[in-house]
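Notes follow the structure.
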Amino acid sequence: MTILWAKADYDAQDVRYQILIGEGTEKKMVAEFPANSHYVRDVKWPWWTRPDRPEAHQFNLKSGKGLEFKNGTPYAVTVAVVKGAERVEALPAQAIPEPNWVNWNQMNNLLLVLLFGAVVLGSIQTAKQRDIFLRRIPGLDAVDEAIGRATELGKPILYLTGAGDMSEPSTIAAAVILGRVAKRVAAYETDLLVPHRDPIVMAVCQEITKQSYLEAGKPDVFKEDSNFFITTDQFSYTAAVDGIMLRRKPAANFFMGSYFAEALLLTETGASTGAIQIAGTDSDHQLPFFVTTCDYTLIGEELYAASAYLSREPIQVGTLRGQDVGKGFILGVLALGTILATVGVLFRTDWPRIMLDLFKDLK
Amino acid sequence: MNFAERMLHIDRRIIFLVIGVCTLLPLLYPVGLAIKVSPEVRGVHDYIEALPEGSVFLLSMDYDPASKPELYPQAVALLRQAFRKNLRVIGMTLWLPGTGLADQVMTQVAREMGKVSGKDYVFLGWSPGSGSLIINMGQDLYKAFPTDYYGQPTRELAVLKGTQTLRDVNYVVSLAAGTSGIETWYVYGKDKYKFELGGGCTGVIAPGLYPLLRSGQINGLIGGLRGAAEYEVLIGQKERAVAGMDAQSATHFAIIVLVILCNVFYLLIRTSRKQGEAR
Amino acid sequence: MIFLRRQLPLVITFVMGVVFAAQYYVPHPRSELMLTEVTKWLQIIGIFALVLGVTSLFHIHAVKIRRKEPGWGYSLVLYAGIFGTIAAGFSYSSTASQWVNGKETINGIMTAFGWIYLNMMVPLQGSMFALLAFFIASAAYRSFRARSREAALLLIAAVIVMMGRVPLGEMLLPASGDVTQWILNVLNASVRRAILIGISLGAVALSLKIIFGIERAYLGGGKE
């Protein structure tokens with residue numbers, strides 16, 4: 001419940017406002033505060049939902065902690081002013097709470113999501129009609145080099161798709177890159193080992209690998225058990241993969257997808273076997289470990305970009321372009337917002353809030 | 001291969017031995033170095049200290065046994081402070097493997113502080129869903145957890161009187177070892193149900209949570225064993241975490257010395273190669 | 001069959017995706033009730049995923065044992081471990097005079113399940129995590145080299161932060177604590193924020209593609 005009343009000439013630190021709910025003997029005080037506080041301008045509501053002028057008083061009452069508002073029930077609300085021994089009560093106002101269908105405070109959020117969605121879908125359409133330029137990802141040269149090295153040495157290639165499930169963008173990117181790696185591996189007839197933590201990811205990657213071998217013209221070389229499930233438990237999986245690395249000694253290790261604490265345990269063990277190691281992850285807390293222990297690391301969105309670059313699928317390329325447009329927009333907003341906020345503080349003016357509120361509280 | 005090259009390719013097991021000794025010796029012979037408290041840890045402590053008696057404090061212990069050394073001391077310190085302040089404590093976990101540890105720490109600290117289950121604290125245990133569970137708790141705590149971990153109906157517990165939803169909780173702290181954790185509590189909890197949120201986490205994920213701290217989405221962050229040690233200093237009960245800081249000091253310095261040495265050898269090799277090429 | 005495998009999941013994804021994206025902006029109690037009901041379904045489905053994982057595990061190791069593949073003995077150990085722990089979890093505790101029901105302690109008395117948890121799972125998981133400390137040291141020794149100006153800058157920052165995060169470092173170099181705080185709160189926070197924005201945009205884009213049926217990799221299988 002939002003209570004509004006006009007600013008008064010006597011508003012000062014030594015004067016107090018009281019908020020009262022109820023009528024007659026059932027009246028009870030629910031809040032008390034200095035009269036020079038609780039203005040509309042102090043409340044964190046955006047300008048399009050402000051109920052009154054910035055200099056008016058506003059107090060918000062919420063259900064819970066001793067106060068329960070029921071929809072459809074009338075409540076009498078009064079504001080009282082207390083100065084020293086003097087006390088004056090305003091006439092009570094009636095209010096009937098009703099549930100809201102729309103949270104207008106979040107409309108900026110909805111608008112920007114719809115805008116971003118339109119940009120992504122538009123970019124995908126554009127990508128279907130023409131070629132969109134993507135710069136070459138340096139890590140991809142390293143992928144080809146690693147596969148070539150493994151073939152020369154006659155050792156297998158180990159490919160990990162990370163800890164995530166198929167709903168994560170990094171796992172999808174890892175699966176796409178696996179397709180490309182599997183195609184090369186099929187052409188050279190090198191062994192491919194893909195241990196998994198998730199049965200659904202395993203099923204998807206099995207199909208992708210099979211398809212890649214078919215496209216490479218080597219369906220007879222494809223092994224059903226190249227993709228195999230180990231366990232979902234983090235460290236049990238890590239111990240099993242470390243064992244595979246030490247026994248089979250793959251010449252190339254690929255760590256694509258999202259990882260947690262097991263990252264360093266995997267990569268350091270791989271490094272001890274002398275394998276060439278390439279990682280790609282959006283798990284920023286594990287990036288330092290990958291960068292120090294791997295020969296090449298695709299950082300964050302380079303992983304998504306690599307999968308788009310390799311597949312050249314309009315959906316992947318268009319999405320990447322849409323994200324880049326989104327990032328460019330946010331950069332512009334950050335720069336403009338900083339200037340406007342500085343202007344607002346320097347000249348003590350309120351008009352920059354018109355734009356700043358549009359980008360406030362975005363989730 | 002000259003000395004510098006041999007040192008650069010030294011057997012890893014020697015490095016492991018150095019680290020092992022640097023960890024073990026300070027634990028056996030503690031020094032007790034002074035620990036400076038950071039503002040982010042103080043943020044959590046001061047908020048709890050300011051809560052009036054009878055306030056509802058929810059501690060979500062979202063970690064598994066692997067993260068016990070860093071997060072268990074944090075849980076002990078937080079619970080000691082909460083029980084000393086006579087807050088109504090709700091314990092739970094979003095991580096199934098951590099249920100036993102969470103139960104153990106709550107029971108142990110409650111017994112030490114003379115608190116009674118059902119009256120002063122409740123341990124709800126684990127329920128599947130993470131984000132969905134938090135949403136359910138935000139709508140109706142009793143429906144999300146009809147019974148506590150020991151099978152007692154939650155509606156009948158004195159400690160939960162007047163706490164219908166997460167909106168009635170005064171402060172939530174999530175001790176997180178990864179996902180689901182602090183970010184889950186913010187996205188599905190604080191954003192919707194508007195309670196105050198603090199965090200504790202392992203050292204490796206702490207830097208990633210600073211954006212949430214700087215923007216006010218969490219009001220404090222206890223990072224790793226160092227954070228636990230700072231909290232123990234704040235509550236005046238120095239135990240495992242403070243003892244562990246001596247070992248951490250020695251290990252950090254061992255790594256610094258090793259890194260400096262490897263760079264010295266690397267520069268020596270580079271210089272001698274350049275001199276060789278110049279000739 | 002194609003309808004059940006392809007069209008129906010896409011329709012469900014689209015309807016539920018749009019409805020619950022809109023739900024975020026609708027504070028009406030009916031909308032909140034709908035959200036509560038659906039989150040309960042999510043919790044139930046989560047349990048099915050657990051069953052799926054365990055069933056896959058059993059199947060793969062059963063095949064390994066049947067074919068006597070290399071390492072099949074470990075598969076037997078896995079079976080023994082799983083069934084032993086399940087049996088301990090469902091057993092009757094004579095000391096506590098009640099069924100264990102998956103509890104580690106009953107009225108302060110440790111159960112067999114609790115013994116397995118505290119004396120096997122906790123030390124084993126802790127040991128695996130503790131290996132990281134040793135691996136970090138060996139990785140740092142092998143790779144933290146000042147090969148370029150940027151690498152040297154990174155190295156200096158790493159040394160300062162390592163010193164600033166321990167009492168010995170703050171004692172020897174008092175400024176390291178404050179510099180570490182500045183690095184964490186200013187440099188680190190701003191860069192992490194940038195990475196988070198990028199990743200979040202990626203997640204929003206992926207979610208929109210899944211809702212509108214453009215991204216179908218999660219359904220399994222290759223191209224149609």
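Following the order of the structure tokens, chains are lettered A, B, ..., residues in each are numbered from 1, and ligands are numbered from 1.
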What are the nearest atom pairs, with distances in Å to one decimal, for all residues of chain C that come at most 6 Å from chain B, using only C-alpha atoms, set out by chain and rising residue number as JSON lines?
```
{"residue": "C:Thr36", "atom": "CA", "partner": "B:Asn136", "partner_atom": "CA", "distance": 5.7}
{"residue": "C:Thr39", "atom": "CA", "partner": "B:Ser132", "partner_atom": "CA", "distance": 4.8}
{"residue": "C:Gln43", "atom": "CA", "partner": "B:Gly129", "partner_atom": "CA", "distance": 4.7}
{"residue": "C:Glu104", "atom": "CA", "partner": "B:Gly100", "partner_atom": "CA", "distance": 6.0}
{"residue": "C:Val122", "atom": "CA", "partner": "B:Pro65", "partner_atom": "CA", "distance": 4.9}
{"residue": "C:Gln125", "atom": "CA", "partner": "B:Ala66", "partner_atom": "CA", "distance": 4.7}
{"residue": "C:Gly126", "atom": "CA", "partner": "B:Ala66", "partner_atom": "CA", "distance": 4.2}
{"residue": "C:Phe129", "atom": "CA", "partner": "B:Ala66", "partner_atom": "CA", "distance": 5.6}
{"residue": "C:Phe134", "atom": "CA", "partner": "B:Phe16", "partner_atom": "CA", "distance": 5.4}
{"residue": "C:Ala137", "atom": "CA", "partner": "B:Ile255", "partner_atom": "CA", "distance": 5.9}
{"residue": "C:Tyr141", "atom": "CA", "partner": "B:Val259", "partner_atom": "CA", "distance": 5.3}
{"residue": "C:Arg145", "atom": "CA", "partner": "B:Asn263", "partner_atom": "CA", "distance": 5.5}
{"residue": "C:Val166", "atom": "CA", "partner": "B:Ser249", "partner_atom": "CA", "distance": 5.1}
{"residue": "C:Pro167", "atom": "CA", "partner": "B:Ile35", "partner_atom": "CA", "distance": 5.5}
{"residue": "C:Leu168", "atom": "CA", "partner": "B:Ser249", "partner_atom": "CA", "distance": 5.6}
{"residue": "C:Ala189", "atom": "CA", "partner": "B:Pro211", "partner_atom": "CA", "distance": 4.9}
{"residue": "C:Arg193", "atom": "CA", "partner": "B:Pro211", "partner_atom": "CA", "distance": 5.8}
```
* **Spatial neighbours of C:Lys209, 9 Å, only C-alpha atoms, chain gap at least 4 places, as JSON, numbers by chain** => {"A": [117, 120, 121, 315, 319], "C": [204, 205, 213, 214, 215, 216]}
* What's the 10 Å shell around A:Thr190, counting only C-alpha atoms, without same-chain residues fewer than 6 positions away, as a VMD selection string? -> chain A and resid 147 to 148 150 to 157 182 184 221
* Define the interface residues of chain B facing chain A as those within 8 Å, counting only C-alpha atoms, and report them as a list of chain:residue names. =>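 Every residue meeting the condition is included here: B:Gly162, B:Arg167, B:Asp168, B:Gly178, B:Val204, B:Ile205, B:Pro207, B:Gly208.
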Might you pull out every residue within 10 Å of A:Ser226, with only C-alpha atoms counted and same-chain residues fewer than 2 positions away left off, and present them as a short mmCIF file (atom, residue, chain, number, x, y, z; two decimals) with C-alpha atoms, in the first residue's frame?
```cif
data_model
loop_
_atom_site.label_atom_id
_atom_site.label_comp_id
_atom_site.auth_asym_id
_atom_site.auth_seq_id
_atom_site.Cartn_x
_atom_site.Cartn_y
_atom_site.Cartn_z
CA LEU A 158 40.86 -37.31 -25.60
CA ASP A 191 41.36 -43.09 -32.06
CA LEU A 192 38.90 -40.78 -30.32
CA LEU A 193 37.99 -41.09 -26.61
CA VAL A 194 35.06 -39.01 -25.28
CA PRO A 195 34.22 -39.78 -21.63
CA CYS A 205 27.57 -36.51 -28.82
CA GLN A 206 27.31 -40.10 -30.02
CA THR A 209 30.30 -38.25 -33.84
CA LYS A 210 28.51 -40.86 -35.98
CA PHE A 222 33.35 -45.32 -36.30
CA LYS A 223 33.38 -47.00 -32.88
CA GLU A 224 30.16 -47.03 -30.84
CA PHE A 228 31.11 -43.50 -23.04
CA PHE A 229 29.51 -42.55 -19.76
#
```
* To do: Would you list, as a list in words, the residues of stretch 55-175 of chain A that end up in strand (DSSP E or B) under DSSP run on this structure's backbone?
  =>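 Here are the strand (DSSP E or B) residues of stretch 55-175 of chain A: His57, Gln58, Phe59, Asn60, Gly64, Leu67, Tyr75, Ala76, Val77, Thr78, Val79, Ala80, Val81, Val82, Lys83, Glu86, Arg87, Val88, Glu89, Ala93, Gln94, Ala95, Ile157, Leu158, Tyr159 and Leu160 of chain A.
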Selected residues written out, N, CA and C atoms, as a short mmCIF file (atom, residue, chain, number, x, y, z; two decimals), in the first residue's frame:
```cif
data_model
loop_
_atom_site.label_atom_id
_atom_site.label_comp_id
_atom_site.auth_asym_id
_atom_site.auth_seq_id
_atom_site.Cartn_x
_atom_site.Cartn_y
_atom_site.Cartn_z
N HIS A 57 5.59 13.45 -0.09
CA HIS A 57 5.98 12.35 0.79
C HIS A 57 5.39 11.03 0.29
N GLN A 58 6.17 9.95 0.45
CA GLN A 58 5.67 8.62 0.07
C GLN A 58 6.12 7.62 1.11
N PHE A 59 5.17 6.77 1.51
CA PHE A 59 5.52 5.67 2.42
C PHE A 59 4.86 4.39 1.91
N ASN A 60 5.66 3.31 1.79
CA ASN A 60 5.14 2.03 1.29
C ASN A 60 4.95 1.06 2.44
N GLY A 64 3.03 -8.64 5.87
CA GLY A 64 4.05 -9.46 6.54
C GLY A 64 4.56 -8.75 7.75
N LEU A 67 1.62 -7.30 9.82
CA LEU A 67 0.61 -6.56 9.05
C LEU A 67 0.18 -7.41 7.87
N TYR A 75 -9.24 -0.70 4.18
CA TYR A 75 -8.39 -0.31 5.31
C TYR A 75 -8.42 1.20 5.44
N ALA A 76 -8.47 1.68 6.67
CA ALA A 76 -8.44 3.11 6.91
C ALA A 76 -7.01 3.50 7.27
N VAL A 77 -6.48 4.48 6.57
CA VAL A 77 -5.10 4.91 6.78
C VAL A 77 -5.09 6.37 7.16
N THR A 78 -4.31 6.71 8.17
CA THR A 78 -4.20 8.10 8.61
C THR A 78 -2.73 8.47 8.77
N VAL A 79 -2.44 9.75 8.55
CA VAL A 79 -1.10 10.27 8.83
C VAL A 79 -1.24 11.28 9.96
N ALA A 80 -0.39 11.16 10.96
CA ALA A 80 -0.42 12.12 12.08
C ALA A 80 0.92 12.85 12.11
N VAL A 81 0.87 14.12 12.57
CA VAL A 81 2.08 14.93 12.72
C VAL A 81 2.31 15.18 14.20
N VAL A 82 3.53 14.98 14.64
CA VAL A 82 3.83 15.19 16.07
C VAL A 82 5.00 16.17 16.17
N LYS A 83 4.76 17.26 16.92
CA LYS A 83 5.87 18.19 17.18
C LYS A 83 5.85 18.51 18.67
N GLU A 86 2.56 18.58 20.76
CA GLU A 86 1.42 18.74 19.84
C GLU A 86 1.29 17.54 18.93
N ARG A 87 0.05 17.17 18.67
CA ARG A 87 -0.19 16.05 17.74
C ARG A 87 -1.46 16.32 16.96
N VAL A 88 -1.35 16.23 15.62
CA VAL A 88 -2.51 16.45 14.76
C VAL A 88 -2.66 15.27 13.83
N GLU A 89 -3.89 14.78 13.70
CA GLU A 89 -4.16 13.65 12.80
C GLU A 89 -4.95 14.12 11.60
N ALA A 93 -8.15 8.05 5.25
CA ALA A 93 -8.46 7.75 3.84
C ALA A 93 -8.69 6.24 3.73
N GLN A 94 -9.68 5.87 2.90
CA GLN A 94 -9.98 4.44 2.72
C GLN A 94 -9.19 3.89 1.55
N ALA A 95 -8.65 2.68 1.71
CA ALA A 95 -7.93 2.02 0.61
C ALA A 95 -8.32 0.55 0.58
N ILE A 157 43.13 -39.39 -29.19
CA ILE A 157 42.76 -38.02 -28.82
C ILE A 157 41.69 -38.11 -27.74
N LEU A 158 41.85 -37.33 -26.68
CA LEU A 158 40.86 -37.31 -25.60
C LEU A 158 40.07 -36.02 -25.69
N TYR A 159 38.75 -36.13 -25.68
CA TYR A 159 37.89 -34.93 -25.80
C TYR A 159 36.88 -34.95 -24.67
N LEU A 160 36.87 -33.88 -23.88
CA LEU A 160 35.92 -33.77 -22.77
C LEU A 160 34.92 -32.66 -23.06
#
```
* **Shell around C:Ile12 at 12 Å using only C-alpha atoms, local window under 4 positions removed, as an MDAnalysis selection string** => chainID C and resid 3:8 16:20 210:213
* Asked: What lies within 8 Å of B:Gly199 using only C-alpha atoms, ignoring chain neighbours under 3 positions off, as an MDAnalysis selection string?
  -> chainID B and resid 44 173:176 182 218:222
